[in-house]
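Shown here: model_34.txt, compact mmCIF, C-alpha atoms and all ligand atoms.
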# COMPACT_ATOMS: atom_id res chain seq x y z
CA MET G 103 -2.71 -29.29 -8.12
CA THR G 104 -0.28 -26.53 -7.02
CA THR G 105 -0.83 -25.18 -3.50
CA VAL G 106 -0.27 -21.46 -2.90
CA LEU G 107 0.08 -19.96 0.57
CA VAL G 108 -1.27 -16.42 0.82
CA THR G 109 -0.23 -14.74 4.07
CA GLY G 110 -2.63 -11.92 4.94
CA GLY G 111 -5.04 -13.60 2.53
CA ALA G 112 -8.11 -12.53 4.52
CA GLY G 113 -7.24 -8.86 3.98
CA PHE G 114 -7.98 -6.47 1.17
CA ILE G 115 -5.34 -7.28 -1.47
CA GLY G 116 -4.99 -10.84 -0.15
CA SER G 117 -8.63 -11.80 -0.65
CA HIS G 118 -8.72 -10.51 -4.23
CA THR G 119 -5.51 -12.42 -4.92
CA VAL G 120 -7.06 -15.55 -3.38
CA ASP G 121 -10.11 -15.21 -5.67
CA LEU G 122 -7.91 -14.94 -8.74
CA LEU G 123 -5.72 -17.89 -7.70
CA LEU G 124 -8.79 -20.09 -7.19
CA ALA G 125 -10.19 -18.98 -10.55
CA ARG G 126 -6.89 -20.02 -12.18
CA GLY G 127 -7.12 -23.50 -10.67
CA TYR G 128 -4.68 -23.26 -7.74
CA ARG G 129 -5.32 -24.78 -4.33
CA VAL G 130 -5.13 -21.91 -1.81
CA ARG G 131 -4.21 -21.81 1.86
CA ILE G 132 -4.45 -18.57 3.84
CA LEU G 133 -2.44 -17.73 6.94
CA ASP G 134 -3.96 -14.66 8.60
CA ALA G 135 -4.06 -13.44 12.19
CA LEU G 136 -7.47 -11.76 11.51
CA LEU G 137 -6.31 -8.64 13.28
CA PRO G 138 -8.49 -5.75 14.36
CA PRO G 139 -9.29 -3.11 13.28
CA VAL G 140 -9.41 -4.70 9.79
CA HIS G 141 -11.29 -7.77 11.07
CA ARG G 142 -14.01 -6.94 13.56
CA GLY G 143 -13.94 -9.24 16.59
CA GLY G 144 -11.18 -11.31 14.97
CA GLN G 145 -13.81 -13.00 12.79
CA PRO G 146 -13.11 -14.18 9.23
CA PRO G 147 -14.69 -11.83 6.68
CA ASP G 148 -17.79 -13.10 4.86
CA TYR G 149 -16.18 -12.59 1.45
CA LEU G 150 -13.63 -15.38 2.00
CA PRO G 151 -14.38 -18.25 -0.39
CA ALA G 152 -15.20 -21.60 1.22
CA ASP G 153 -12.75 -23.44 -1.04
CA ALA G 154 -9.74 -21.56 0.37
CA GLU G 155 -8.30 -23.16 3.50
CA LEU G 156 -7.98 -20.64 6.35
CA LEU G 157 -5.37 -21.05 9.09
CA VAL G 158 -5.63 -18.40 11.78
CA GLY G 159 -2.15 -17.50 12.97
CA ASP G 160 0.62 -14.96 13.03
CA VAL G 161 3.47 -14.93 10.49
CA ARG G 162 5.85 -14.38 13.41
CA ASP G 163 4.76 -17.64 15.03
CA ARG G 164 7.23 -20.30 13.89
CA ALA G 165 4.90 -23.24 14.46
CA ALA G 166 1.95 -21.56 12.74
CA LEU G 167 4.04 -20.54 9.73
CA ARG G 168 5.60 -24.00 9.47
CA ARG G 169 2.14 -25.60 9.48
CA ALA G 170 0.98 -23.17 6.83
CA LEU G 171 3.95 -24.03 4.58
CA GLU G 172 3.23 -27.77 4.56
CA GLY G 173 2.88 -28.97 0.96
CA VAL G 174 3.14 -25.44 -0.43
CA GLU G 175 4.93 -24.67 -3.72
CA LEU G 176 4.22 -20.95 -4.09
CA VAL G 177 3.93 -18.14 -1.53
CA VAL G 178 2.33 -14.70 -1.82
CA HIS G 179 3.46 -12.88 1.32
CA LEU G 180 1.05 -10.02 2.05
CA ALA G 181 0.64 -10.03 5.86
CA ALA G 182 2.04 -6.79 7.21
CA TYR G 183 1.75 -4.14 9.87
CA GLN G 184 0.81 -0.77 8.38
CA ASP G 185 -0.23 2.29 10.33
CA TYR G 186 0.72 5.84 11.31
CA LEU G 187 1.14 5.17 14.99
CA THR G 188 4.24 5.19 17.15
CA ASP G 189 4.78 1.49 17.86
CA PHE G 190 7.90 1.65 15.68
CA SER G 191 9.37 -1.73 16.57
CA ARG G 192 6.23 -3.58 15.46
CA PHE G 193 6.76 -2.54 11.82
CA PHE G 194 10.10 -4.36 11.79
CA ASP G 195 8.90 -7.25 13.91
CA VAL G 196 6.06 -8.16 11.55
CA ASN G 197 7.31 -6.95 8.17
CA ALA G 198 11.04 -7.70 8.34
CA THR G 199 11.41 -10.44 10.98
CA GLY G 200 8.30 -12.26 9.73
CA THR G 201 9.79 -12.36 6.23
CA ALA G 202 13.16 -13.58 7.48
CA LEU G 203 11.35 -16.38 9.36
CA LEU G 204 9.59 -17.43 6.14
CA TYR G 205 12.95 -17.95 4.38
CA GLU G 206 14.51 -19.48 7.49
CA LEU G 207 11.87 -22.21 7.48
CA ILE G 208 12.07 -22.79 3.72
CA VAL G 209 15.88 -23.06 3.81
CA ASN G 210 16.39 -24.97 7.06
CA GLU G 211 13.60 -27.45 6.44
CA ARG G 212 14.38 -27.77 2.72
CA LEU G 213 10.77 -27.01 1.84
CA PRO G 214 9.92 -27.36 -1.86
CA VAL G 215 8.82 -23.71 -2.29
CA ARG G 216 9.38 -22.70 -5.93
CA LYS G 217 8.62 -19.01 -5.69
CA VAL G 218 7.85 -16.19 -3.25
CA VAL G 219 6.15 -12.91 -4.11
CA VAL G 220 6.43 -10.26 -1.39
CA ALA G 221 4.28 -7.15 -1.08
CA SER G 222 6.37 -4.02 -0.89
CA SER G 223 5.17 -0.48 -1.26
CA GLN G 224 5.62 2.73 -3.19
CA ALA G 225 6.40 4.15 0.27
CA VAL G 226 9.99 2.90 -0.16
CA TYR G 227 10.62 5.87 -2.47
CA GLY G 228 9.88 8.57 0.10
CA GLU G 229 9.74 11.87 -1.81
CA GLY G 230 10.60 10.06 -5.04
CA LYS G 231 12.46 11.40 -8.05
CA TYR G 232 12.77 15.03 -9.20
CA ARG G 233 14.71 16.94 -11.79
CA CYS G 234 16.37 20.24 -10.85
CA PRO G 235 16.96 22.60 -13.79
CA ARG G 236 20.47 23.25 -12.43
CA ASP G 237 21.52 20.11 -10.52
CA GLY G 238 19.82 17.35 -12.51
CA VAL G 239 18.10 14.28 -11.01
CA GLN G 240 17.50 14.46 -7.23
CA TYR G 241 16.04 12.14 -4.59
CA PRO G 242 15.18 14.72 -1.93
CA PRO G 243 14.98 14.05 1.81
CA LEU G 244 11.92 14.52 4.01
CA ARG G 245 10.69 18.12 4.03
CA PRO G 246 11.77 19.80 7.27
CA GLU G 247 9.14 20.57 9.89
CA SER G 248 9.97 24.30 9.72
CA GLN G 249 9.08 24.33 6.01
CA LEU G 250 5.75 22.61 6.59
CA ARG G 251 4.89 24.78 9.57
CA ALA G 252 5.34 27.77 7.25
CA GLY G 253 2.97 26.17 4.72
CA GLN G 254 5.74 25.83 2.09
CA TRP G 255 4.62 22.53 0.65
CA GLU G 256 6.70 21.98 -2.48
CA VAL G 257 9.96 20.05 -2.40
CA ARG G 258 13.03 22.13 -3.25
CA CYS G 259 16.36 21.04 -4.68
CA PRO G 260 18.57 19.77 -1.83
CA ALA G 261 21.63 21.17 -3.63
CA CYS G 262 20.53 24.68 -4.71
CA GLY G 263 17.11 25.24 -3.10
CA ARG G 264 15.36 25.89 -6.44
CA PRO G 265 11.90 24.50 -7.33
CA MET G 266 12.13 21.17 -9.14
CA GLN G 267 10.03 19.16 -11.56
CA LEU G 268 8.54 15.87 -10.34
CA CYS G 269 9.40 12.73 -12.37
CA PRO G 270 7.60 9.37 -12.36
CA THR G 271 9.71 7.26 -9.97
CA ASP G 272 11.29 4.14 -11.44
CA GLU G 273 12.64 1.22 -9.41
CA ALA G 274 16.30 2.30 -9.38
CA VAL G 275 16.64 4.32 -6.15
CA VAL G 276 14.80 3.92 -2.85
CA ASN G 277 14.71 6.55 -0.12
CA PRO G 278 12.29 5.48 2.66
CA HIS G 279 11.28 8.19 5.14
CA ASN G 280 9.17 6.46 7.79
CA GLN G 281 9.22 3.27 9.83
CA TYR G 282 6.64 1.50 7.66
CA ALA G 283 8.58 2.33 4.48
CA MET G 284 11.89 1.30 6.05
CA SER G 285 10.40 -1.97 7.25
CA LYS G 286 8.99 -2.68 3.76
CA HIS G 287 12.37 -1.97 2.21
CA ALA G 288 14.05 -4.21 4.78
CA GLN G 289 11.48 -6.89 3.91
CA GLU G 290 12.31 -6.58 0.20
CA MET G 291 16.06 -6.77 0.81
CA ILE G 292 15.70 -9.81 3.06
CA ALA G 293 13.49 -11.59 0.51
CA LEU G 294 15.53 -10.75 -2.61
CA ASN G 295 18.84 -11.43 -0.88
CA LEU G 296 17.84 -14.78 0.64
CA GLY G 297 15.96 -15.74 -2.51
CA GLN G 298 19.07 -15.20 -4.59
CA ARG G 299 21.41 -16.81 -2.10
CA TYR G 300 19.33 -19.98 -1.77
CA GLY G 301 17.92 -20.19 -5.30
CA ILE G 302 14.32 -19.42 -4.32
CA PRO G 303 12.91 -17.23 -7.11
CA THR G 304 11.55 -14.12 -5.40
CA VAL G 305 9.76 -11.00 -6.64
CA ALA G 306 9.04 -7.79 -4.70
CA LEU G 307 6.07 -5.74 -5.86
CA ARG G 308 5.90 -2.08 -4.85
CA TYR G 309 2.22 -1.27 -4.92
CA SER G 310 1.01 2.32 -5.25
CA ILE G 311 -2.08 3.31 -3.25
CA THR G 312 -4.37 0.36 -3.83
CA GLN G 313 -8.12 0.76 -3.82
CA GLY G 314 -11.34 -1.12 -4.28
CA PRO G 315 -14.03 -3.17 -2.54
CA ARG G 316 -13.20 -4.88 0.78
CA GLN G 317 -10.74 -2.19 1.87
CA SER G 318 -11.71 -2.04 5.52
CA PHE G 319 -13.27 1.30 6.46
CA ARG G 320 -12.57 0.55 10.11
CA ASN G 321 -8.88 1.19 9.54
CA ALA G 322 -9.21 4.85 8.58
CA TYR G 323 -5.66 5.99 9.22
CA SER G 324 -4.79 5.95 5.56
CA GLY G 325 -6.48 5.41 2.22
CA ILE G 326 -7.97 8.39 0.46
CA CYS G 327 -10.69 6.33 -1.23
CA ARG G 328 -12.20 4.92 1.94
CA ILE G 329 -11.82 8.21 3.84
CA PHE G 330 -13.28 10.49 1.15
CA VAL G 331 -16.03 8.08 0.10
CA THR G 332 -17.17 7.30 3.66
CA ARG G 333 -17.20 11.02 4.51
CA LEU G 334 -19.15 11.90 1.36
CA LEU G 335 -21.61 9.05 1.95
CA ALA G 336 -22.14 10.49 5.46
CA GLY G 337 -22.80 13.94 3.91
CA ARG G 338 -19.53 15.39 5.24
CA ALA G 339 -16.81 17.26 3.35
CA PRO G 340 -13.56 15.43 2.65
CA VAL G 341 -10.54 17.16 4.18
CA ALA G 342 -7.31 17.54 2.21
CA TYR G 343 -3.95 17.92 3.93
CA GLU G 344 -1.48 20.64 2.86
CA ASP G 345 -3.01 22.48 -0.13
CA GLY G 346 -4.58 19.38 -1.70
CA ARG G 347 -2.32 19.61 -4.77
CA GLN G 348 -0.27 16.52 -3.83
CA LEU G 349 0.03 14.16 -6.79
CA ARG G 350 -0.39 10.41 -6.42
CA ASP G 351 -1.18 7.43 -8.61
CA TYR G 352 -3.94 5.02 -7.63
CA VAL G 353 -4.25 1.39 -8.69
CA SER G 354 -7.24 -0.92 -8.44
CA VAL G 355 -7.06 -4.01 -6.26
CA GLU G 356 -8.02 -6.20 -9.24
CA ASP G 357 -5.05 -4.85 -11.18
CA VAL G 358 -2.78 -5.53 -8.18
CA ALA G 359 -4.11 -9.09 -7.89
CA ARG G 360 -3.28 -9.63 -11.60
CA ALA G 361 0.23 -8.28 -10.97
CA ASN G 362 0.65 -10.76 -8.10
CA LEU G 363 -0.32 -13.62 -10.42
CA LEU G 364 2.00 -12.42 -13.15
CA ALA G 365 4.90 -12.17 -10.71
CA LEU G 366 4.11 -15.67 -9.44
CA GLU G 367 3.91 -17.26 -12.88
CA ASP G 368 6.41 -15.39 -15.07
CA PRO G 369 10.07 -16.38 -14.56
CA ARG G 370 11.21 -13.15 -16.25
CA ALA G 371 10.21 -11.37 -13.03
CA ASP G 372 12.48 -13.44 -10.76
CA TYR G 373 14.81 -11.71 -8.30
CA GLN G 374 13.55 -8.23 -9.15
CA ALA G 375 11.41 -5.43 -7.74
CA PHE G 376 8.59 -3.89 -9.79
CA ASN G 377 6.29 -0.92 -9.37
CA VAL G 378 2.57 -1.70 -9.60
CA GLY G 379 0.74 1.59 -10.11
CA GLY G 380 -2.12 3.31 -11.83
CA GLY G 381 0.01 5.10 -14.42
CA GLN G 382 -1.75 8.45 -13.97
CA ALA G 383 -0.95 11.41 -11.69
CA VAL G 384 -4.01 12.73 -9.85
CA SER G 385 -4.09 15.53 -7.25
CA VAL G 386 -6.00 15.17 -3.99
CA LEU G 387 -8.29 18.04 -5.06
CA GLU G 388 -8.99 16.28 -8.38
CA TYR G 389 -9.66 13.08 -6.45
CA ALA G 390 -12.14 14.80 -4.13
CA ALA G 391 -13.98 16.40 -7.07
CA LEU G 392 -14.16 13.07 -8.91
CA ALA G 393 -15.41 11.23 -5.82
CA ALA G 394 -18.17 13.83 -5.28
CA GLU G 395 -19.13 13.56 -8.97
CA VAL G 396 -19.23 9.75 -8.90
CA LEU G 397 -21.40 9.81 -5.74
CA GLY G 398 -23.62 12.53 -7.19
CA VAL G 399 -23.15 14.95 -4.27
CA ASP G 400 -22.19 18.60 -4.24
CA ILE G 401 -19.83 18.74 -1.27
CA PRO G 402 -16.59 20.64 -1.87
CA VAL G 403 -13.35 19.52 -0.28
CA GLN G 404 -12.05 21.43 2.76
CA VAL G 405 -8.41 22.54 2.92
CA PRO G 406 -7.75 23.74 6.50
CA GLY G 407 -3.95 23.87 6.16
CA GLU G 408 -3.20 20.77 8.20
CA TYR G 409 -0.38 18.40 7.38
CA ARG G 410 1.04 15.10 8.52
CA PHE G 411 4.71 15.43 9.27
CA GLY G 412 6.48 12.70 7.30
CA ASP G 413 3.98 12.60 4.43
CA THR G 414 5.33 12.61 0.91
CA ARG G 415 4.53 15.73 -1.11
CA HIS G 416 4.12 13.95 -4.45
CA ILE G 417 4.77 10.40 -5.56
CA VAL G 418 3.89 8.82 -8.88
CA SER G 419 5.30 5.45 -9.91
CA ASP G 420 6.82 4.71 -13.29
CA ILE G 421 5.22 1.38 -14.26
CA GLY G 422 7.17 0.78 -17.48
CA LYS G 423 9.14 -2.16 -16.08
CA LEU G 424 6.05 -4.24 -15.27
CA GLN G 425 4.31 -3.09 -18.47
CA ALA G 426 7.24 -4.59 -20.39
CA LEU G 427 6.14 -7.99 -19.01
CA GLY G 428 2.64 -7.45 -20.42
CA TRP G 429 0.80 -6.06 -17.36
CA GLN G 430 -1.41 -2.97 -17.69
CA PRO G 431 -3.63 -1.20 -15.16
CA GLN G 432 -7.14 -1.72 -16.54
CA THR G 433 -9.48 0.01 -14.10
CA SER G 434 -10.03 3.79 -14.27
CA LEU G 435 -10.08 5.87 -11.09
CA ARG G 436 -13.74 6.71 -11.73
CA GLN G 437 -14.55 2.99 -11.82
CA ILE G 438 -12.45 2.29 -8.70
CA ILE G 439 -14.36 4.93 -6.72
CA ALA G 440 -17.73 3.70 -8.04
CA ASP G 441 -16.90 0.07 -7.18
CA TYR G 442 -15.73 1.00 -3.68
CA ALA G 443 -18.75 3.22 -2.98
CA GLU G 444 -21.14 0.52 -4.20
CA TRP G 445 -19.50 -2.04 -1.90
CA ALA G 446 -19.15 0.31 1.10
CA SER G 447 -22.78 1.41 1.00
CA ARG G 448 -23.87 -2.25 1.17
CA GLN G 449 -21.93 -2.84 4.40
CA PRO G 450 -24.22 -2.99 7.48
CA ASP G 451 -21.66 -1.37 9.79
CA LEU G 452 -20.62 1.44 7.45
CA GLN G 453 -19.63 4.47 9.51
CA ASP G 454 -17.44 7.50 9.09
CA TYR G 455 -14.46 6.48 11.22
CA SER G 456 -12.28 9.30 9.93
CA GLU G 457 -13.12 11.73 12.77
CA ARG G 458 -11.90 9.29 15.42
CA ALA G 459 -8.79 8.42 13.41
CA GLU G 460 -8.03 12.15 13.01
CA GLN G 461 -8.27 12.61 16.78
CA VAL G 462 -5.85 9.73 17.38
CA MET G 463 -3.42 11.06 14.76
CA LYS G 464 -3.58 14.55 16.32
CA ALA G 465 -3.06 13.09 19.81
CA VAL G 466 0.12 11.28 18.70
CA GLY G 467 1.28 14.38 16.82
CA ALA G 468 0.90 12.90 13.32
CA VAL G 469 -1.44 15.71 12.15
CA ARG G 470 -0.30 19.31 12.65
CA ARG G 471 -1.44 22.71 11.44
CA ALA G 472 0.59 25.18 9.36
CA ALA G 473 1.11 28.63 10.90
CA VAL G 474 1.07 30.46 7.57
CA LEU G 475 -0.85 29.61 4.43
CA PRO G 476 0.72 30.94 1.24
CA ALA G 477 -0.95 31.12 -2.18
CA PRO G 478 -0.96 27.59 -3.69
CA ALA G 479 1.62 26.62 -6.30
CA GLY G 480 1.15 23.39 -8.24
CA SER G 481 3.55 20.82 -9.63
CA ARG G 482 3.22 18.61 -12.69
CA LEU G 483 5.24 15.68 -13.96
CA CYS G 484 8.42 16.10 -15.97
N1 LIG P 501 -3.41 -1.22 0.44
C1 LIG P 501 -2.44 -0.49 -0.07
O1 LIG P 501 -2.67 0.62 -0.58
C2 LIG P 501 -1.02 -1.02 -0.07
C3 LIG P 501 -0.03 -0.25 -0.73
C4 LIG P 501 1.27 -0.71 -0.73
C5 LIG P 501 1.60 -1.91 -0.13
N2 LIG P 501 0.63 -2.64 0.51
C6 LIG P 501 1.02 -3.91 1.11
O2 LIG P 501 0.12 -4.92 0.66
C7 LIG P 501 -0.05 -5.91 1.65
C8 LIG P 501 -1.54 -6.16 1.90
O3 LIG P 501 -2.14 -4.95 2.33
P1 LIG P 501 -3.72 -4.76 2.45
O4 LIG P 501 -4.01 -3.38 2.01
O5 LIG P 501 -4.40 -5.90 1.81
O6 LIG P 501 -3.88 -4.79 4.04
P2 LIG P 501 -5.02 -5.46 4.95
O7 LIG P 501 -4.81 -4.90 6.31
O8 LIG P 501 -6.35 -5.38 4.32
O9 LIG P 501 -4.58 -6.99 4.95
C9 LIG P 501 -3.49 -7.46 5.67
C10 LIG P 501 -3.90 -8.79 6.28
O10 LIG P 501 -2.76 -9.30 6.98
C11 LIG P 501 -3.20 -9.78 8.23
N3 LIG P 501 -2.06 -9.66 9.15
C12 LIG P 501 -1.50 -8.53 9.63
N4 LIG P 501 -0.47 -8.82 10.42
C13 LIG P 501 -0.38 -10.18 10.44
C14 LIG P 501 0.50 -11.07 11.08
N5 LIG P 501 1.47 -10.65 11.89
N6 LIG P 501 0.33 -12.41 10.84
C15 LIG P 501 -0.65 -12.85 10.03
N7 LIG P 501 -1.53 -12.03 9.42
C16 LIG P 501 -1.39 -10.71 9.63
C17 LIG P 501 -4.38 -8.92 8.64
O11 LIG P 501 -5.24 -9.59 9.53
C18 LIG P 501 -5.04 -8.66 7.29
O12 LIG P 501 -6.03 -9.63 6.99
C19 LIG P 501 0.73 -5.43 2.86
O13 LIG P 501 1.98 -6.07 2.86
C20 LIG P 501 0.92 -3.95 2.62
O14 LIG P 501 2.10 -3.46 3.24
C21 LIG P 501 -0.67 -2.22 0.55
In structure tokens, how does this file's structure come out?
Amino acid sequence: MTTVLVTGGAGFIGSHTVDLLLARGYRVRILDALLPPVHRGGQPPDYLPADAELLVGDVRDRAALRRALEGVELVVHLAAYQDYLTDFSRFFDVNATGTALLYELIVNERLPVRKVVVASSQAVYGEGKYRCPRDGVQYPPLRPESQLRAGQWEVRCPACGRPMQLCPTDEAVVNPHNQYAMSKHAQEMIALNLGQRYGIPTVALRYSITQGPRQSFRNAYSGICRIFVTRLLAGRAPVAYEDGRQLRDYVSVEDVARANLLALEDPRADYQAFNVGGGQAVSVLEYAALAAEVLGVDIPVQVPGEYRFGDTRHIVSDIGKLQALGWQPQTSLRQIIADYAEWASRQPDLQDYSERAEQVMKAVGAVRRAAVLPAPAGSRLC
């Protein structure tokens, strides 16, 4: 029986991947540090299946990672540090150095690992891909603070300053704008480079915003589904940043788990990066309206004109490359929200943590307020 190591396997995407691996007949070992705030009190979550072996340890701990790799043929590397806070070095320590250590052990100890799948992120694209009517395809930089302070939300052409049309972003060009995104891109480069150099088939998957049951509501710094649903369940209005017209694509955790399995099993994926997204552009306002409809409440979204400096205006992944290997997102956004709400409302310690997270983000300067609020102007895909 083939043994698969899933790092971060006690987490949200990890646990769904573990379930699917077990269902497909793999033997599964998990290496997870069971970190708060995702894991309360450092305890293993009750959804972890008994037939997966759990090793509690950190991917940066050489001895723990070596133990976890014993007898392993396949690795799904999901453990990562992800947040909005200012401990910048930790992103690289966990996400980049941890990945380099994985390959270091495989290479130096000649371990018989046949394949590694690493979790990357849509965040590596920053503001993504646009088309300027005059200057053609553009990959714009971060919007300047002065623009956001003035409430001018849309991205403009870096060459001529004109409005541009958003394009679905394919895998060709990355343009990371924050420490998390840079660390995920570094992780990808380390994995694909070392994989190629030492003949260890490696695949990097750039997930879009992933949603579904088991996404911890204690870590409320990101994740529109958990934030909007927990607020609506508590009878409070969801709050949209900027003007709420930001476009995103959302993918279900089950669809991401299937993508992980495909990447693990299909040699056509080797040594490449793929987007894993929902295939549909949805604005934050549309999301809020859909969430309220699914939950059967009449609570309109609030748009107070706040923004997070460093946020992407719009980002929608082009998923054609992975679709060409036979993968399709199968779960609608309506179903994702319903599944999450059903799971969240069954949790005994369900609380609206968003207020506290907002306060922390404001204290560290991540959330700011625009001085001027202009009339909204939307953007659609090219
Ligand atoms: N959830 C998303 O929307 C999303 C989007 C893009 C990419 N990703 C990537 O997918 C992967 C999984 O994310 P998730 O949403 O399941 O997160 P999660 O926080 O639910 O799970 C991550 C797991 O990794 C563990 N972990 C963290 N640091 C560790 C360390 N140093 N050593 C060992 N274990 C550690 C945590 O305890 C947790 O169980 C991450 O690499 C993340 O960057 C997630």
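Near (-10.5, 7.3, -10.4), the residues that fall inside 8 Å on the basis of all atoms listed in the file are G:Tyr352, G:Tyr389, G:Leu392, G:Ala393, G:Ser434, G:Leu435, G:Arg436, G:Gln437, G:Ile438, G:Ile439.
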So which residues are near ligand LIG 501 (chain P), meaning at most 7 Å away with only C-alpha atoms and all ligand atoms counted, given back as a VMD selection string? chain G and resid 109 to 116 133 to 138 140 to 141 159 to 162 180 to 184 196 221 to 224 286 308 to 313 317 to 318 325
Using only C-alpha atoms, which of the listed residues (G:Tyr227, G:His179, G:Gly412, G:Tyr205) sits closest to Pro278 (chain G)?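 Smallest separation from Pro278 (chain G) among the options: G:Tyr227.
Nearest to Ala274 (chain G) of all the residues G:Ala170, G:Ala375, G:Leu203, G:Ala293 is G:Ala375, counting all atoms listed in the file.
Candidate residues G:Pro450, G:Pro260, G:Pro151, G:Pro340 were compared for distance to Thr119 (chain G), and the nearest is G:Pro151, using all atoms listed in the file.
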Pick from G:Cys262, G:Ala225, G:Val120, G:Val215: nearest to Gly238 (chain G), with all atoms listed in the file counted?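 Looking at the shortest contact to Gly238 (chain G), the residue is G:Cys262.
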Just want the 12 Å neighbourhood of Arg236 (chain G), counted on all atoms listed in the file, with same-chain residues fewer than 6 positions away dropped. Output as an NGL selection string. :G and (258-267)
Quick one: residues within 7 Å of (9.2, -3.1, 6.2) (file frame), counting only C-alpha atoms, please, as a tab-separated table (two decimals) with C-alpha atoms, keeping the file's coordinate frame.
chain	number	residue	atom	x	y	z
G	193	PHE	CA	6.76	-2.54	11.82
G	194	PHE	CA	10.10	-4.36	11.79
G	197	ASN	CA	7.31	-6.95	8.17
G	198	ALA	CA	11.04	-7.70	8.34
G	282	TYR	CA	6.64	1.50	7.66
G	283	ALA	CA	8.58	2.33	4.48
G	284	MET	CA	11.89	1.30	6.05
G	285	SER	CA	10.40	-1.97	7.25
G	286	LYS	CA	8.99	-2.68	3.76
G	287	HIS	CA	12.37	-1.97	2.21
G	288	ALA	CA	14.05	-4.21	4.78
G	289	GLN	CA	11.48	-6.89	3.91
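If all atoms listed in the file are the atoms counted, then among G:Ala371, G:Leu349, G:Ala383, G:Leu397 the closest residue to Leu424 (chain G) is G:Ala371.
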